[in-house]
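Novice: Pasting a structure below so you can have a look.
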Amino acid sequence: MRRPLVAGNWKMHGTRASVAELIRGLRHLALPSSVEVAVMPPCLYINQVIQGLDGKSIAVGAQNCAVEPMQGALTGEVAPSQLADAGCALVLVGHSERRLILGERDELLSRKFAAAQSCGLIPVLCIGETLEQRQAGKTLEVVAGQLGSVIEELGVGAFAQAVVAYEPVWAIGTGLTASPQEAQEVHAAIRAQLAAESADVARGVRILYGGSVKAANAAELFGMPDIDGGLIGGASLNADEFGAICRAA
Ligand code: PEP
């Protein structure tokens, strides 16, 4: 059985004071041990969160990493080895905001994925279609292309130590959510694509849903057979709401 994962992506939100407040809220949560829980603060606050959550079983991850695994001359970036040194366990790769606003492409993302793994981090590969692509009936093609490019570069075995997050771009931060059936269709296609290369990897890999998940819709989404938890943006900034989502997984 796959252990569900619920990860909170705090995006570019927070101040030292608001992060301290959120840590206080997270520390008070009653979280089920059957669910793995993680938070991904802005890089600047990772140390504060790791120290503040000491003793609480909530993993900490980053929202991005450099393409080079080790420290060196790459101004403004943070190496996966530095994230691991700080105590991070996982890192987002290819969030749609980075693909669309910063122009990160599949080839670069495969390199980030590999760099993260080489430092012992679990990459969470984010894939998903825009509204235009969905309306053109291209959802499965787009998602298969984004996933396929990493499989092609690194081999399906790379997904034995990785997580996939299906995040329809039109549902991120918009209040629109894919219906459980719409999400399940894509999750099943992602698992089938992996299964075509390795049944074992496909059975074990966790595929998260992301896109306006809230306490009110989480249970229905997480109840689908190929949805193994969620990547939560806005709702993860409220500890009580985030806790309720974790308990729904
Ligand atoms: C995200 O940023 O990954 C996300 C899913 O955001 P939201 O939950 O706010 O739609």
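Letters A, B, ... mark the chains of the structure tokens in the order given; residue numbers begin at 1 per chain; ligand numbers begin at 1, in order shown.
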Within 8 Å of ligand 1, counting only C-alpha atoms and all ligand atoms, which protein or nucleic acid residues do you find, written as number ranges by chain?
Specialist: A: 8-11, 95-97, 167, 171-175, 209-214, 231-236
Novice: List as JSON lines every residue of segment 63-124 of chain A that is in contact with segment 31-46 of chain A, defined as an atom at most 9 Å from one of its atoms (using only C-alpha atoms), together with the nearest atom pair and the distance in Å rounded to one decimal, sorted by chain and then rising number.
Specialist:
```
{"residue": "A:Gln63", "atom": "CA", "partner": "A:Met40", "partner_atom": "CA", "distance": 6.1}
{"residue": "A:Asn64", "atom": "CA", "partner": "A:Cys43", "partner_atom": "CA", "distance": 8.5}
{"residue": "A:Val78", "atom": "CA", "partner": "A:Cys43", "partner_atom": "CA", "distance": 8.4}
{"residue": "A:Leu83", "atom": "CA", "partner": "A:Ile46", "partner_atom": "CA", "distance": 8.7}
{"residue": "A:Ala86", "atom": "CA", "partner": "A:Ile46", "partner_atom": "CA", "distance": 7.7}
{"residue": "A:Gly87", "atom": "CA", "partner": "A:Ile46", "partner_atom": "CA", "distance": 8.6}
{"residue": "A:Cys88", "atom": "CA", "partner": "A:Ile46", "partner_atom": "CA", "distance": 8.0}
{"residue": "A:Ala89", "atom": "CA", "partner": "A:Ala38", "partner_atom": "CA", "distance": 8.8}
{"residue": "A:Leu90", "atom": "CA", "partner": "A:Ala38", "partner_atom": "CA", "distance": 8.5}
{"residue": "A:Val91", "atom": "CA", "partner": "A:Met40", "partner_atom": "CA", "distance": 7.9}
{"residue": "A:Leu92", "atom": "CA", "partner": "A:Met40", "partner_atom": "CA", "distance": 8.5}
```
Novice: Save out the residues we just selected, C-alpha atoms, as a compact mmCIF listing (two decimals), in the first residue's frame.
Specialist:
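Just written: again02.txt:
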```txt
# COMPACT_ATOMS: atom_id res chain seq x y z
CA GLN A 63 10.11 24.66 -3.73
CA ASN A 64 13.01 24.60 -6.17
CA VAL A 78 20.51 26.99 -3.82
CA LEU A 83 19.03 21.83 0.96
CA ALA A 86 19.83 22.12 5.98
CA GLY A 87 17.63 19.08 6.66
CA CYS A 88 15.25 19.11 3.71
CA ALA A 89 13.80 15.79 2.64
CA LEU A 90 12.14 16.71 -0.63
CA VAL A 91 11.97 19.37 -3.33
CA LEU A 92 9.43 20.47 -5.92
```
Novice: Between A:Ile151, A:Glu77, A:Pro4, A:Ala239, which one has atoms that come closest to Ser18 of chain A, using only C-alpha atoms?
Specialist: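 Nearest candidate to Ser18 of chain A out of A:Ile151, A:Glu77, A:Pro4, A:Ala239: A:Ala239.
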Novice: Residues near segment 187-199 of chain A, anyone? I mean within 8 Å using only C-alpha atoms, not counting same-chain ones fewer than 3 positions away, as a list of chain:residue names.
Specialist: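 Skipping anything fewer than 3 positions along the chain leaves A:Leu140, A:Val143, A:Ala144, A:Leu147, A:Val156, A:Gly157, A:Tyr166, A:Ala183, A:Gln184, A:Ala202, A:Arg203, A:Ile207, A:Asp226, A:Ile227.
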Novice: Between atom CA of Glu152 of chain A and atom CA of Leu221 of chain A, what is the spacing in Å?
Specialist: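 Rounded to one decimal, the two atoms are 29.6 Å apart.
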Novice: Please give the complete set of residues from segment 38-77 of chain A that DSSP, run on the backbone, assigns to strand (DSSP E or B), formatted as an MDAnalysis selection string.
Specialist: chainID A and resid 38:40 59:62
Novice: Applying 10 Å and only C-alpha atoms, which residues near Val93 of chain A remain after dropping the ones on its own chain fewer than 6 positions away? List them as a tab-separated table (two decimals) with C-alpha atoms, in the first residue's frame.
Specialist:
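What follows is the written file part.tsv:
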```
chain	number	residue	atom	x	y	z
A	62	ALA	CA	12.07	23.22	-0.81
A	63	GLN	CA	10.11	24.66	-3.73
A	64	ASN	CA	13.01	24.60	-6.17
A	65	CYS	CA	16.68	23.71	-6.40
A	99	ARG	CA	7.44	26.47	-15.96
A	104	GLU	CA	11.68	26.21	-16.99
A	108	LEU	CA	16.26	21.52	-17.40
A	109	LEU	CA	13.76	19.88	-15.08
A	110	SER	CA	15.15	16.40	-15.74
A	111	ARG	CA	18.55	17.71	-14.70
A	112	LYS	CA	17.13	19.26	-11.52
A	113	PHE	CA	15.32	16.00	-10.77
A	116	ALA	CA	18.06	16.45	-6.27
A	122	ILE	CA	12.96	13.18	-3.08
A	123	PRO	CA	11.93	15.17	-6.17
A	124	VAL	CA	8.23	15.97	-6.49
A	125	LEU	CA	7.75	16.35	-10.23
A	126	CYS	CA	4.84	18.71	-10.99
A	127	ILE	CA	3.01	18.22	-14.27
A	163	VAL	CA	6.73	11.63	-6.23
A	164	VAL	CA	4.59	12.94	-9.09
A	165	ALA	CA	2.12	15.79	-8.56
```
Novice: Considering only C-alpha atoms, can you say which of A:Asn217, A:Thr75, A:Glu141, A:Leu29 comes closest to Leu176 of chain A?
Specialist: A:Asn217
Novice: So, counting only C-alpha atoms, which residue among A:Glu132, A:Ala115, A:Glu185, A:Ser179 is closest to Leu154 of chain A?
Specialist: A:Ala115
Novice: Point out the residue among A:Ala158, A:Gly243, A:Gly145, A:Val169 with the least atom-to-atom distance to Arg27 of chain A, counting only C-alpha atoms.
Specialist: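 When distances to Arg27 of chain A are compared using only C-alpha atoms, the smallest one comes from A:Gly243.
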Novice: For a quick check of understanding, using only C-alpha atoms, which of A:Ala7, A:Val201, A:Cys246, A:Ala84 has the smallest distance to Gln71 of chain A?
Specialist: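 Closest residue, counting only C-alpha atoms: A:Ala84.
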Novice: Extract, using only C-alpha atoms, all DNA, RNA and protein residues at most 12 Å from Asp54 of chain A, discarding same-chain residues fewer than 4 positions from it, and format them as a list in words.
Specialist: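 So the residues in contact are Ile23, Arg24, Leu26, Arg27, Asn47, Gln48, Val49, Ile50, Ile58, Ala59, Val60 and Gly87 of chain A.
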Novice: Once you have the residues from the selection above, write them out as a compact mmCIF listing (two decimals), in the first residue's frame, restricted to N, CA and C atoms.
Specialist:
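Listed below is the output, selection11.txt:
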```txt
# COMPACT_ATOMS: atom_id res chain seq x y z
N ILE A 23 4.15 27.89 12.34
CA ILE A 23 4.84 26.78 13.03
C ILE A 23 4.08 26.44 14.31
N ARG A 24 3.68 27.48 15.05
CA ARG A 24 2.92 27.25 16.30
C ARG A 24 1.65 26.46 16.01
N LEU A 26 1.06 24.49 13.40
CA LEU A 26 1.38 23.13 12.95
C LEU A 26 1.75 22.25 14.14
N ARG A 27 2.46 22.82 15.10
CA ARG A 27 2.90 22.03 16.25
C ARG A 27 1.70 21.51 17.05
N ASN A 47 15.33 27.02 7.52
CA ASN A 47 15.99 26.75 8.81
C ASN A 47 15.04 27.02 9.98
N GLN A 48 14.33 28.13 9.89
CA GLN A 48 13.38 28.49 10.96
C GLN A 48 12.32 27.40 11.13
N VAL A 49 11.85 26.87 10.00
CA VAL A 49 10.79 25.87 10.07
C VAL A 49 11.34 24.54 10.60
N ILE A 50 12.53 24.17 10.13
CA ILE A 50 13.11 22.91 10.61
C ILE A 50 13.34 22.98 12.12
N ILE A 58 6.79 16.24 10.79
CA ILE A 58 6.45 16.94 9.55
C ILE A 58 7.77 17.17 8.81
N ALA A 59 7.86 16.63 7.60
CA ALA A 59 9.08 16.81 6.82
C ALA A 59 9.10 18.22 6.24
N VAL A 60 10.29 18.68 5.92
CA VAL A 60 10.41 20.01 5.31
C VAL A 60 11.06 19.85 3.94
N GLY A 87 18.60 20.01 6.08
CA GLY A 87 17.63 19.08 6.66
C GLY A 87 16.38 18.87 5.82
```
Novice: Output as an MDAnalysis selection string all residues of segment 55-238 of chain A that backbone DSSP marks as alpha helix (DSSP H).
Specialist: chainID A and resid 80:86 96:101 106:118 131:135 139:154 180:195 199:204 215:222
Novice: Could you save the residues just selected, with C-alpha atoms, as a PDB file, in the first residue's frame?
Specialist:
```pdb
ATOM      1  CA  PRO A  80      20.306  20.407  -3.641  1.00  0.00           C
ATOM      2  CA  SER A  81      23.276  19.432  -1.448  1.00  0.00           C
ATOM      3  CA  GLN A  82      22.726  22.619   0.583  1.00  0.00           C
ATOM      4  CA  LEU A  83      19.031  21.826   0.965  1.00  0.00           C
ATOM      5  CA  ALA A  84      19.922  18.336   2.157  1.00  0.00           C
ATOM      6  CA  ASP A  85      22.511  19.820   4.532  1.00  0.00           C
ATOM      7  CA  ALA A  86      19.832  22.118   5.979  1.00  0.00           C
ATOM      8  CA  SER A  96       3.768  25.296 -13.137  1.00  0.00           C
ATOM      9  CA  GLU A  97       4.557  28.779 -11.825  1.00  0.00           C
ATOM     10  CA  ARG A  98       8.225  28.086 -12.599  1.00  0.00           C
ATOM     11  CA  ARG A  99       7.436  26.472 -15.961  1.00  0.00           C
ATOM     12  CA  LEU A 100       5.153  29.304 -17.082  1.00  0.00           C
ATOM     13  CA  ILE A 101       6.546  32.416 -15.404  1.00  0.00           C
ATOM     14  CA  ASP A 106      11.487  19.713 -19.505  1.00  0.00           C
ATOM     15  CA  GLU A 107      15.180  19.234 -20.276  1.00  0.00           C
ATOM     16  CA  LEU A 108      16.260  21.518 -17.404  1.00  0.00           C
ATOM     17  CA  LEU A 109      13.757  19.876 -15.077  1.00  0.00           C
ATOM     18  CA  SER A 110      15.150  16.400 -15.738  1.00  0.00           C
ATOM     19  CA  ARG A 111      18.546  17.711 -14.702  1.00  0.00           C
ATOM     20  CA  LYS A 112      17.131  19.259 -11.524  1.00  0.00           C
ATOM     21  CA  PHE A 113      15.322  15.996 -10.770  1.00  0.00           C
ATOM     22  CA  ALA A 114      18.580  14.046 -11.106  1.00  0.00           C
ATOM     23  CA  ALA A 115      20.580  16.624  -9.130  1.00  0.00           C
ATOM     24  CA  ALA A 116      18.063  16.446  -6.272  1.00  0.00           C
ATOM     25  CA  GLN A 117      18.145  12.653  -6.188  1.00  0.00           C
ATOM     26  CA  SER A 118      21.932  12.575  -6.241  1.00  0.00           C
ATOM     27  CA  LEU A 131      -6.918  25.584 -19.532  1.00  0.00           C
ATOM     28  CA  GLU A 132      -6.275  26.097 -23.229  1.00  0.00           C
ATOM     29  CA  GLN A 133      -4.692  22.646 -23.510  1.00  0.00           C
ATOM     30  CA  ARG A 134      -7.580  21.023 -21.629  1.00  0.00           C
ATOM     31  CA  GLN A 135     -10.144  22.749 -23.836  1.00  0.00           C
ATOM     32  CA  THR A 139      -4.601  17.025 -21.308  1.00  0.00           C
ATOM     33  CA  LEU A 140      -3.289  13.462 -21.484  1.00  0.00           C
ATOM     34  CA  GLU A 141      -0.866  14.309 -24.273  1.00  0.00           C
ATOM     35  CA  VAL A 142       0.635  17.251 -22.353  1.00  0.00           C
ATOM     36  CA  VAL A 143       0.974  15.343 -19.104  1.00  0.00           C
ATOM     37  CA  ALA A 144       2.469  12.316 -20.884  1.00  0.00           C
ATOM     38  CA  GLY A 145       4.992  14.581 -22.579  1.00  0.00           C
ATOM     39  CA  GLN A 146       6.120  16.204 -19.334  1.00  0.00           C
ATOM     40  CA  LEU A 147       6.424  12.858 -17.547  1.00  0.00           C
ATOM     41  CA  GLY A 148       7.879  11.096 -20.573  1.00  0.00           C
ATOM     42  CA  SER A 149      10.707  13.552 -20.898  1.00  0.00           C
ATOM     43  CA  VAL A 150      12.005  12.674 -17.404  1.00  0.00           C
ATOM     44  CA  ILE A 151      11.517   8.936 -18.051  1.00  0.00           C
ATOM     45  CA  GLU A 152      13.429   9.270 -21.293  1.00  0.00           C
ATOM     46  CA  GLU A 153      16.332  11.166 -19.712  1.00  0.00           C
ATOM     47  CA  LEU A 154      16.643   9.245 -16.441  1.00  0.00           C
ATOM     48  CA  PRO A 180     -12.452  13.598  -8.502  1.00  0.00           C
ATOM     49  CA  GLN A 181     -13.288  11.745 -11.743  1.00  0.00           C
ATOM     50  CA  GLU A 182     -11.360  14.200 -13.930  1.00  0.00           C
ATOM     51  CA  ALA A 183      -8.336  13.971 -11.644  1.00  0.00           C
ATOM     52  CA  GLN A 184      -8.555  10.169 -11.385  1.00  0.00           C
ATOM     53  CA  GLU A 185      -8.559   9.838 -15.171  1.00  0.00           C
ATOM     54  CA  VAL A 186      -5.250  11.694 -15.409  1.00  0.00           C
ATOM     55  CA  HIS A 187      -3.717   9.953 -12.387  1.00  0.00           C
ATOM     56  CA  ALA A 188      -4.581   6.562 -13.884  1.00  0.00           C
ATOM     57  CA  ALA A 189      -2.978   7.592 -17.175  1.00  0.00           C
ATOM     58  CA  ILE A 190       0.190   8.700 -15.357  1.00  0.00           C
ATOM     59  CA  ARG A 191       0.377   5.376 -13.525  1.00  0.00           C
ATOM     60  CA  ALA A 192      -0.258   3.461 -16.752  1.00  0.00           C
ATOM     61  CA  GLN A 193       2.561   5.330 -18.482  1.00  0.00           C
ATOM     62  CA  LEU A 194       4.947   4.318 -15.698  1.00  0.00           C
ATOM     63  CA  ALA A 195       3.559   0.771 -15.680  1.00  0.00           C
ATOM     64  CA  ALA A 199       4.887  -2.414 -12.980  1.00  0.00           C
ATOM     65  CA  ASP A 200       6.762  -2.228  -9.662  1.00  0.00           C
ATOM     66  CA  VAL A 201       7.619   1.432  -9.991  1.00  0.00           C
ATOM     67  CA  ALA A 202       4.056   2.273 -11.056  1.00  0.00           C
ATOM     68  CA  ARG A 203       2.585   0.398  -8.079  1.00  0.00           C
ATOM     69  CA  GLY A 204       4.847   2.166  -5.584  1.00  0.00           C
ATOM     70  CA  ALA A 215     -10.691  20.614   3.721  1.00  0.00           C
ATOM     71  CA  ALA A 216     -14.125  20.599   2.051  1.00  0.00           C
ATOM     72  CA  ASN A 217     -13.070  18.714  -1.112  1.00  0.00           C
ATOM     73  CA  ALA A 218     -10.013  16.747   0.058  1.00  0.00           C
ATOM     74  CA  ALA A 219     -11.702  13.530   1.193  1.00  0.00           C
ATOM     75  CA  GLU A 220     -13.495  13.030  -2.124  1.00  0.00           C
ATOM     76  CA  LEU A 221     -10.320  13.599  -4.143  1.00  0.00           C
ATOM     77  CA  PHE A 222      -8.143  11.451  -1.871  1.00  0.00           C
TER      78      PHE A 222
END
```
